[in-house]
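K.L.:
Below are the structure tokens for one structure; questions will follow.
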Amino acid sequence: MHVLALLPALLAAERALGRLDQALADPASRRRLAADAARRSAAALIRLDGHRLDADDFQRALAAPEHARGEAARAALLVPLFTQLPRGLTATVPPERSVTRYAPCPTAEVSPTDVVAAVRATITALEANNLESGDDPEDAEGDEADTVSPPLTPWTRPWLDELHRRWSIAQGGHPAGMGEARAADAGLALEAVAEALASGPGLLGAASAIRVLARRPDPGTPERRGDDDDAAVTALRVLAAAERPAASWWSVVVWLAAPALIRDACRLHHAWPALTVALARDVTGYRLALAGTESAWTRWFLDTIPDLVAHELERLRHLAVIQEHWEARLAATPRRSSSRLPDVLDWLHDRPAFTISRVASELKSRCGLSLRGVHLLVEQLAKAGVVRDIADRGGERVWACDLSFLPPGR
């Protein structure tokens, strides 16, 4: 590979990443884009995995993932993982935490209601983990700072195993480790990543590492336990796998965590480039470049970065405009002087779709309100046009704001 031939594209890509890093120096802007990118990345991963995601189903799944089905449920369960990855993965069930009660992991046959309870408990644990890991260190007082587990070291076997557990939750609701085959292959894969990163400076090393991981064969999925499958079911499963093979585990690692390789290789301070979203915008180009030579892949990768940055900066401006519109609507809406509506706007960037039953305790602690006060606050947001009811059937109301929509091609 001739580095000189790639030098113009390399400089353009790294300058673009520098602009993004500078634009995200503001903590408020960085937090909004991070929450937005987590949702877009989850939707993009579904597309990279060969499935379609309906935006309305995704909205409802974000509000109540335990009641969602299909790809919308998978995407909603992936959002907490994409949210926490830039901050550092922690163990799914930290031993020090006693606030959240977890359902015991079943070892024998379980009923469907037990499975649903386990999924709900896992979702609650992940969301509590997200909220606590997003607090500023200055806010921690006394022994409270000691209750948060330290982040796992990235690109190590425990980190990969935790990543697999989070991924498996989105697949079926049960946290599962990598299994013997994948765990045995993890050491060699990590060595290959380290060698690739050392093979070139900056984005060149990151591009090489991503290619090494994405092209690495999957040593095999963890074995399924159970003898409930007859010969006909097994034959149908084999036929479906031959028609659309499941994505390699190492490809999934790329879709989940490749931004970490870019950030470390380029020594970015604030940016977490949404590479998953960029790959999903050009799935065909991504597949063709990956199957080609290393030089062709590197060229395609470098040309993708400026486009990625342009889309992220555009999204950042869009989020700022939405925030201004919300503030203008609230200013024009009559409300009590004690109203906490302005304090909730930042919260909406994290929770663009919700049901009151799932967020009541969160809003009560954030705004110091009673349950009735939470209901009144949401009604005032609806009166101002900031949120709207998107439920199309009976049951609990589902509230959503504009952020929960998926912009075309984003």
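Labeling convention for the structure tokens: chains A, B, ... as they appear, residues from 1 per chain, ligands from 1 in order of appearance.
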So which residues touch stretch 174-189 of chain A within 7 Å, counting only C-alpha atoms, skipping near sequence neighbours fewer than 2 positions away, as a JSON list (two decimals) with N, CA and C atoms, in the first residue's frame?

P.N.:
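In the end it all went to around12.json:
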[["chain", "number", "residue", "atom", "x", "y", "z"],
["A", 157, "ARG", "N", -10.16, -9.51, 27.18],
["A", 157, "ARG", "CA", -11.13, -10.61, 27.18],
["A", 157, "ARG", "C", -12.34, -10.32, 28.07],
["A", 161, "ASP", "N", -16.13, -10.17, 26.65],
["A", 161, "ASP", "CA", -17.15, -11.04, 27.20],
["A", 161, "ASP", "C", -18.36, -10.23, 27.64],
["A", 164, "HIS", "N", -20.30, -9.19, 24.65],
["A", 164, "HIS", "CA", -21.12, -10.30, 24.16],
["A", 164, "HIS", "C", -22.37, -10.46, 25.01],
["A", 165, "ARG", "N", -22.24, -10.27, 26.32],
["A", 165, "ARG", "CA", -23.42, -10.38, 27.19],
["A", 165, "ARG", "C", -24.46, -9.32, 26.83],
["A", 166, "ARG", "N", -23.99, -8.10, 26.62],
["A", 166, "ARG", "CA", -24.92, -7.04, 26.25],
["A", 166, "ARG", "C", -25.58, -7.33, 24.90],
["A", 168, "SER", "N", -26.08, -10.28, 23.55],
["A", 168, "SER", "CA", -27.00, -11.41, 23.68],
["A", 168, "SER", "C", -28.32, -10.99, 24.34],
["A", 169, "ILE", "N", -28.27, -9.97, 25.21],
["A", 169, "ILE", "CA", -29.51, -9.46, 25.79],
["A", 169, "ILE", "C", -30.44, -8.94, 24.70],
["A", 172, "GLY", "N", -31.98, -12.07, 22.69],
["A", 172, "GLY", "CA", -33.00, -12.94, 23.24],
["A", 172, "GLY", "C", -33.35, -12.69, 24.69],
["A", 191, "GLU", "N", -4.75, -9.77, 19.59],
["A", 191, "GLU", "CA", -3.38, -9.60, 19.11],
["A", 191, "GLU", "C", -3.36, -9.05, 17.68],
["A", 192, "ALA", "N", -4.28, -9.56, 16.85],
["A", 192, "ALA", "CA", -4.35, -9.07, 15.47],
["A", 192, "ALA", "C", -4.75, -7.59, 15.43],
["A", 193, "VAL", "N", -5.64, -7.18, 16.31],
["A", 193, "VAL", "CA", -6.05, -5.78, 16.36],
["A", 193, "VAL", "C", -4.88, -4.90, 16.78],
["A", 219, "PRO", "N", -15.65, -18.21, 15.05],
["A", 219, "PRO", "CA", -15.36, -19.58, 15.49],
["A", 219, "PRO", "C", -16.60, -20.37, 15.87],
["A", 220, "GLY", "N", -17.75, -19.73, 15.94],
["A", 220, "GLY", "CA", -18.98, -20.47, 16.23],
["A", 220, "GLY", "C", -19.77, -19.82, 17.33],
["A", 222, "PRO", "N", -22.30, -19.75, 20.62],
["A", 222, "PRO", "CA", -22.48, -20.63, 21.78],
["A", 222, "PRO", "C", -23.56, -21.66, 21.52]]

K.L.:
Identify, on the basis of only C-alpha atoms, every residue whose closest approach to A:Leu78 does not exceed 8 Å; exclude the query and any residue fewer than 4 positions from it along the same chain; express the result as a list of chain:residue names.

P.N.:
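Once the adjacent positions are removed, what remains is A:Ala42, A:Arg74, A:Phe82, A:Arg166, A:Trp167, A:Ala170.
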
K.L.:
Would you save the residues from that selection as a short mmCIF file (atom, residue, chain, number, x, y, z; two decimals), in the first residue's frame, using N, CA and C atoms?

P.N.:
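Here's the written file selection_4.cif:
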data_model
loop_
_atom_site.label_atom_id
_atom_site.label_comp_id
_atom_site.auth_asym_id
_atom_site.auth_seq_id
_atom_site.Cartn_x
_atom_site.Cartn_y
_atom_site.Cartn_z
N ALA A 42 -28.05 2.06 16.92
CA ALA A 42 -28.83 0.84 17.14
C ALA A 42 -29.67 0.51 15.91
N ARG A 74 -35.09 -5.42 19.48
CA ARG A 74 -33.63 -5.56 19.43
C ARG A 74 -32.96 -4.19 19.43
N PHE A 82 -25.05 1.09 23.27
CA PHE A 82 -24.40 2.16 22.50
C PHE A 82 -24.22 3.43 23.33
N ARG A 166 -23.99 -8.10 26.62
CA ARG A 166 -24.92 -7.04 26.25
C ARG A 166 -25.58 -7.33 24.90
N TRP A 167 -24.79 -7.83 23.96
CA TRP A 167 -25.33 -8.16 22.64
C TRP A 167 -26.36 -9.28 22.75
N ALA A 170 -29.86 -8.21 23.74
CA ALA A 170 -30.67 -7.68 22.65
C ALA A 170 -31.17 -8.77 21.72
#

K.L.:
Contacts of A:Leu33 at 8 Å or less, counting only C-alpha atoms, minus same-chain residues fewer than 4 places along, as a PyMOL selection string?

P.N.:
chain A and resi 29+37+315-316+319

K.L.:
Those residues you just picked out, can you put them in a file as a short mmCIF file (atom, residue, chain, number, x, y, z; two decimals), in the first residue's frame with C-alpha atoms?

P.N.:
data_model
loop_
_atom_site.label_atom_id
_atom_site.label_comp_id
_atom_site.auth_asym_id
_atom_site.auth_seq_id
_atom_site.Cartn_x
_atom_site.Cartn_y
_atom_site.Cartn_z
CA SER A 29 -23.89 19.50 22.79
CA ALA A 37 -26.09 8.74 18.01
CA ARG A 315 -27.30 16.37 13.16
CA LEU A 316 -25.67 18.47 15.89
CA LEU A 319 -30.51 19.06 17.69
#

K.L.:
Please return as a PyMOL selection string: the residues of stretch 153-383 of chain A that backbone DSSP assigns to alpha helix (DSSP H).

P.N.:
chain A and resi 157-172+179-198+203-214+231-243+249-266+275-281+283-291+294-331+341-350+356-367+371-383

K.L.:
Do a neighbour search on A:Arg211 at 12 Å with only C-alpha atoms, toss out local chain neighbours closer than 2 positions, and write the hits as a ChimeraX atom specification.

P.N.:
/A:189,192-193,196-197,204-209,213-217,250-251,253-255,258,261,286-287,289-298,300-301

K.L.:
Kindly save the residues from that selection, with N, CA and C atoms included, as an mmCIF file, in the first residue's frame.

P.N.:
data_model
loop_
_atom_site.group_PDB
_atom_site.id
_atom_site.type_symbol
_atom_site.label_atom_id
_atom_site.label_comp_id
_atom_site.auth_asym_id
_atom_site.auth_seq_id
_atom_site.Cartn_x
_atom_site.Cartn_y
_atom_site.Cartn_z
ATOM 1 N N ALA A 189 -7.585 -12.693 18.247
ATOM 2 C CA ALA A 189 -8.218 -11.528 17.620
ATOM 3 C C ALA A 189 -7.675 -10.224 18.214
ATOM 4 N N ALA A 192 -4.282 -9.559 16.846
ATOM 5 C CA ALA A 192 -4.355 -9.069 15.467
ATOM 6 C C ALA A 192 -4.748 -7.592 15.427
ATOM 7 N N VAL A 193 -5.643 -7.176 16.309
ATOM 8 C CA VAL A 193 -6.048 -5.775 16.363
ATOM 9 C C VAL A 193 -4.875 -4.905 16.781
ATOM 10 N N ALA A 196 -2.453 -4.553 13.926
ATOM 11 C CA ALA A 196 -2.987 -3.686 12.870
ATOM 12 C C ALA A 196 -2.897 -2.218 13.269
ATOM 13 N N LEU A 197 -3.210 -1.910 14.525
ATOM 14 C CA LEU A 197 -3.116 -0.522 14.985
ATOM 15 C C LEU A 197 -1.680 -0.007 14.919
ATOM 16 N N LEU A 204 -4.917 5.207 9.465
ATOM 17 C CA LEU A 204 -4.430 4.047 8.707
ATOM 18 C C LEU A 204 -4.428 2.801 9.584
ATOM 19 N N GLY A 205 -3.951 2.941 10.815
ATOM 20 C CA GLY A 205 -3.966 1.808 11.728
ATOM 21 C C GLY A 205 -5.377 1.403 12.107
ATOM 22 N N ALA A 206 -6.259 2.399 12.331
ATOM 23 C CA ALA A 206 -7.646 2.085 12.679
ATOM 24 C C ALA A 206 -8.352 1.356 11.539
ATOM 25 N N ALA A 207 -8.120 1.807 10.300
ATOM 26 C CA ALA A 207 -8.739 1.147 9.142
ATOM 27 C C ALA A 207 -8.259 -0.286 9.029
ATOM 28 N N SER A 208 -6.977 -0.513 9.254
ATOM 29 C CA SER A 208 -6.433 -1.870 9.179
ATOM 30 C C SER A 208 -7.020 -2.760 10.269
ATOM 31 N N ALA A 209 -7.160 -2.228 11.488
ATOM 32 C CA ALA A 209 -7.709 -3.012 12.593
ATOM 33 C C ALA A 209 -9.168 -3.368 12.341
ATOM 34 N N LEU A 213 -10.717 -7.266 11.932
ATOM 35 C CA LEU A 213 -11.818 -7.809 12.726
ATOM 36 C C LEU A 213 -13.005 -8.211 11.857
ATOM 37 N N ALA A 214 -13.385 -7.334 10.925
ATOM 38 C CA ALA A 214 -14.580 -7.586 10.111
ATOM 39 C C ALA A 214 -14.416 -8.801 9.203
ATOM 40 N N ARG A 215 -13.189 -9.115 8.802
ATOM 41 C CA ARG A 215 -12.947 -10.258 7.915
ATOM 42 C C ARG A 215 -12.613 -11.525 8.685
ATOM 43 N N ARG A 216 -12.524 -11.444 9.991
ATOM 44 C CA ARG A 216 -12.144 -12.622 10.774
ATOM 45 C C ARG A 216 -13.308 -13.614 10.836
ATOM 46 N N PRO A 217 -13.060 -14.891 10.553
ATOM 47 C CA PRO A 217 -14.157 -15.871 10.609
ATOM 48 C C PRO A 217 -14.651 -16.080 12.028
ATOM 49 N N TRP A 250 -17.353 -11.173 15.066
ATOM 50 C CA TRP A 250 -16.345 -10.119 14.958
ATOM 51 C C TRP A 250 -16.852 -8.949 14.113
ATOM 52 N N SER A 251 -17.742 -9.218 13.172
ATOM 53 C CA SER A 251 -18.392 -8.107 12.464
ATOM 54 C C SER A 251 -19.270 -7.310 13.418
ATOM 55 N N VAL A 253 -18.723 -6.954 16.595
ATOM 56 C CA VAL A 253 -17.805 -6.161 17.415
ATOM 57 C C VAL A 253 -17.423 -4.876 16.680
ATOM 58 N N VAL A 254 -17.193 -4.976 15.373
ATOM 59 C CA VAL A 254 -16.881 -3.784 14.580
ATOM 60 C C VAL A 254 -18.044 -2.805 14.623
ATOM 61 N N TRP A 255 -19.254 -3.277 14.403
ATOM 62 C CA TRP A 255 -20.417 -2.393 14.375
ATOM 63 C C TRP A 255 -20.646 -1.736 15.737
ATOM 64 N N ALA A 258 -16.112 -0.193 16.876
ATOM 65 C CA ALA A 258 -15.067 0.375 16.014
ATOM 66 C C ALA A 258 -14.801 1.858 16.277
ATOM 67 N N LEU A 261 -11.727 2.383 18.279
ATOM 68 C CA LEU A 261 -10.454 2.266 17.578
ATOM 69 C C LEU A 261 -10.087 3.584 16.907
ATOM 70 N N TYR A 286 -19.677 -0.726 1.594
ATOM 71 C CA TYR A 286 -18.956 -1.315 2.722
ATOM 72 C C TYR A 286 -18.617 -2.770 2.450
ATOM 73 N N ARG A 287 -19.582 -3.547 1.964
ATOM 74 C CA ARG A 287 -19.329 -4.964 1.693
ATOM 75 C C ARG A 287 -18.298 -5.139 0.578
ATOM 76 N N ALA A 289 -15.958 -2.990 -0.465
ATOM 77 C CA ALA A 289 -14.637 -2.545 -0.040
ATOM 78 C C ALA A 289 -13.988 -3.553 0.902
ATOM 79 N N LEU A 290 -14.790 -4.145 1.753
ATOM 80 C CA LEU A 290 -14.263 -5.119 2.702
ATOM 81 C C LEU A 290 -13.780 -6.378 2.003
ATOM 82 N N ALA A 291 -14.456 -6.739 0.905
ATOM 83 C CA ALA A 291 -14.061 -7.937 0.168
ATOM 84 C C ALA A 291 -12.889 -7.693 -0.770
ATOM 85 N N GLY A 292 -12.526 -6.441 -1.002
ATOM 86 C CA GLY A 292 -11.443 -6.110 -1.920
ATOM 87 C C GLY A 292 -10.084 -6.109 -1.248
ATOM 88 N N THR A 293 -9.135 -5.454 -1.881
ATOM 89 C CA THR A 293 -7.776 -5.402 -1.354
ATOM 90 C C THR A 293 -7.702 -4.450 -0.161
ATOM 91 N N GLU A 294 -6.619 -4.536 0.591
ATOM 92 C CA GLU A 294 -6.447 -3.652 1.739
ATOM 93 C C GLU A 294 -6.345 -2.194 1.304
ATOM 94 N N SER A 295 -5.698 -1.957 0.181
ATOM 95 C CA SER A 295 -5.579 -0.586 -0.318
ATOM 96 C C SER A 295 -6.943 -0.018 -0.690
ATOM 97 N N ALA A 296 -7.785 -0.838 -1.356
ATOM 98 C CA ALA A 296 -9.125 -0.375 -1.733
ATOM 99 C C ALA A 296 -9.978 -0.107 -0.495
ATOM 100 N N TRP A 297 -9.862 -0.976 0.496
ATOM 101 C CA TRP A 297 -10.610 -0.774 1.729
ATOM 102 C C TRP A 297 -10.178 0.520 2.428
ATOM 103 N N THR A 298 -8.865 0.735 2.520
ATOM 104 C CA THR A 298 -8.366 1.928 3.205
ATOM 105 C C THR A 298 -8.826 3.190 2.496
ATOM 106 N N TRP A 300 -11.549 3.549 0.624
ATOM 107 C CA TRP A 300 -12.984 3.713 0.856
ATOM 108 C C TRP A 300 -13.229 4.208 2.282
ATOM 109 N N PHE A 301 -12.504 3.675 3.233
ATOM 110 C CA PHE A 301 -12.682 4.053 4.630
ATOM 111 C C PHE A 301 -12.331 5.525 4.853
#

K.L.:
Pick from A:Ala257, A:Glu66, A:Ala28, A:Pro8: nearest to A:Gln84, with only C-alpha atoms counted?

P.N.:
A:Ala257

K.L.:
Give me, as JSON, numbers by chain, all polymer residues having an atom no more than 10 Å from A:Leu45, counting only C-alpha atoms and skipping those fewer than 6 positions away in the same chain.

P.N.:
{"A": [51, 74, 75, 78, 252, 255, 256, 276, 277, 279, 280]}

K.L.:
Considering only C-alpha atoms, return as a list in words whatever protein or nucleic-acid residues lie within 9 Å of A:Val398, sequence-local ones (same chain, fewer than 4 positions apart) excluded.

P.N.:
Gln59, Arg60, Ala63, Ala64, Ala353, Phe354, Thr355, Ile356, Arg388, Asp389, Ile390 and Ala391 of chain A

K.L.:
If you keep C-alpha atoms, can you produce a file of those selected residues as a compact mmCIF listing (two decimals), in the first residue's frame?

P.N.:
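Saved the output as out.txt:
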# COMPACT_ATOMS: atom_id res chain seq x y z
CA GLN A 59 -40.50 4.79 18.97
CA ARG A 60 -42.83 2.53 20.91
CA ALA A 63 -40.85 3.80 25.42
CA ALA A 64 -41.43 0.22 26.63
CA ALA A 353 -40.18 8.29 23.88
CA PHE A 354 -41.55 7.14 27.20
CA THR A 355 -44.47 5.96 29.26
CA ILE A 356 -45.11 7.59 32.61
CA ARG A 388 -47.35 14.00 21.66
CA ASP A 389 -49.23 10.78 22.28
CA ILE A 390 -48.27 8.20 19.64
CA ALA A 391 -50.23 5.23 20.97

K.L.:
What lies within 9 Å of A:Leu302 using only C-alpha atoms, ignoring chain neighbours under 5 positions off, as a list in words?

P.N.:
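So, after excluding close chain neighbours, the residues are Leu6, Ala9, Leu10, Ala12, Ala13, Glu14, Leu203, Leu204, Ala207 and Trp297 of chain A.
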
K.L.:
Restricted to N, CA and C atoms, what would the selected residues look like written as a PDB file, in the first residue's frame?

P.N.:
ATOM      1  N   LEU A   6      -2.291   7.813  -0.487  1.00  0.00           N
ATOM      2  CA  LEU A   6      -3.439   7.988   0.395  1.00  0.00           C
ATOM      3  C   LEU A   6      -3.334   9.242   1.250  1.00  0.00           C
ATOM      4  N   ALA A   9      -6.244  11.937   1.148  1.00  0.00           N
ATOM      5  CA  ALA A   9      -7.472  11.443   1.778  1.00  0.00           C
ATOM      6  C   ALA A   9      -7.286  11.303   3.287  1.00  0.00           C
ATOM      7  N   LEU A  10      -6.095  10.884   3.714  1.00  0.00           N
ATOM      8  CA  LEU A  10      -5.823  10.738   5.139  1.00  0.00           C
ATOM      9  C   LEU A  10      -5.884  12.087   5.850  1.00  0.00           C
ATOM     10  N   ALA A  12      -7.458  14.819   4.866  1.00  0.00           N
ATOM     11  CA  ALA A  12      -8.829  15.331   4.841  1.00  0.00           C
ATOM     12  C   ALA A  12      -9.690  14.652   5.916  1.00  0.00           C
ATOM     13  N   ALA A  13      -9.510  13.333   6.077  1.00  0.00           N
ATOM     14  CA  ALA A  13     -10.292  12.588   7.066  1.00  0.00           C
ATOM     15  C   ALA A  13      -9.925  13.016   8.487  1.00  0.00           C
ATOM     16  N   GLU A  14      -8.639  13.166   8.746  1.00  0.00           N
ATOM     17  CA  GLU A  14      -8.236  13.524  10.109  1.00  0.00           C
ATOM     18  C   GLU A  14      -8.586  14.980  10.432  1.00  0.00           C
ATOM     19  N   LEU A 203      -5.515   7.126  11.381  1.00  0.00           N
ATOM     20  CA  LEU A 203      -6.614   6.413  10.743  1.00  0.00           C
ATOM     21  C   LEU A 203      -6.156   5.212   9.929  1.00  0.00           C
ATOM     22  N   LEU A 204      -4.917   5.207   9.465  1.00  0.00           N
ATOM     23  CA  LEU A 204      -4.430   4.047   8.707  1.00  0.00           C
ATOM     24  C   LEU A 204      -4.428   2.801   9.584  1.00  0.00           C
ATOM     25  N   ALA A 207      -8.120   1.807  10.300  1.00  0.00           N
ATOM     26  CA  ALA A 207      -8.739   1.147   9.142  1.00  0.00           C
ATOM     27  C   ALA A 207      -8.259  -0.286   9.029  1.00  0.00           C
ATOM     28  N   TRP A 297      -9.862  -0.976   0.496  1.00  0.00           N
ATOM     29  CA  TRP A 297     -10.610  -0.774   1.729  1.00  0.00           C
ATOM     30  C   TRP A 297     -10.178   0.520   2.428  1.00  0.00           C
TER      31      TRP A 297
END
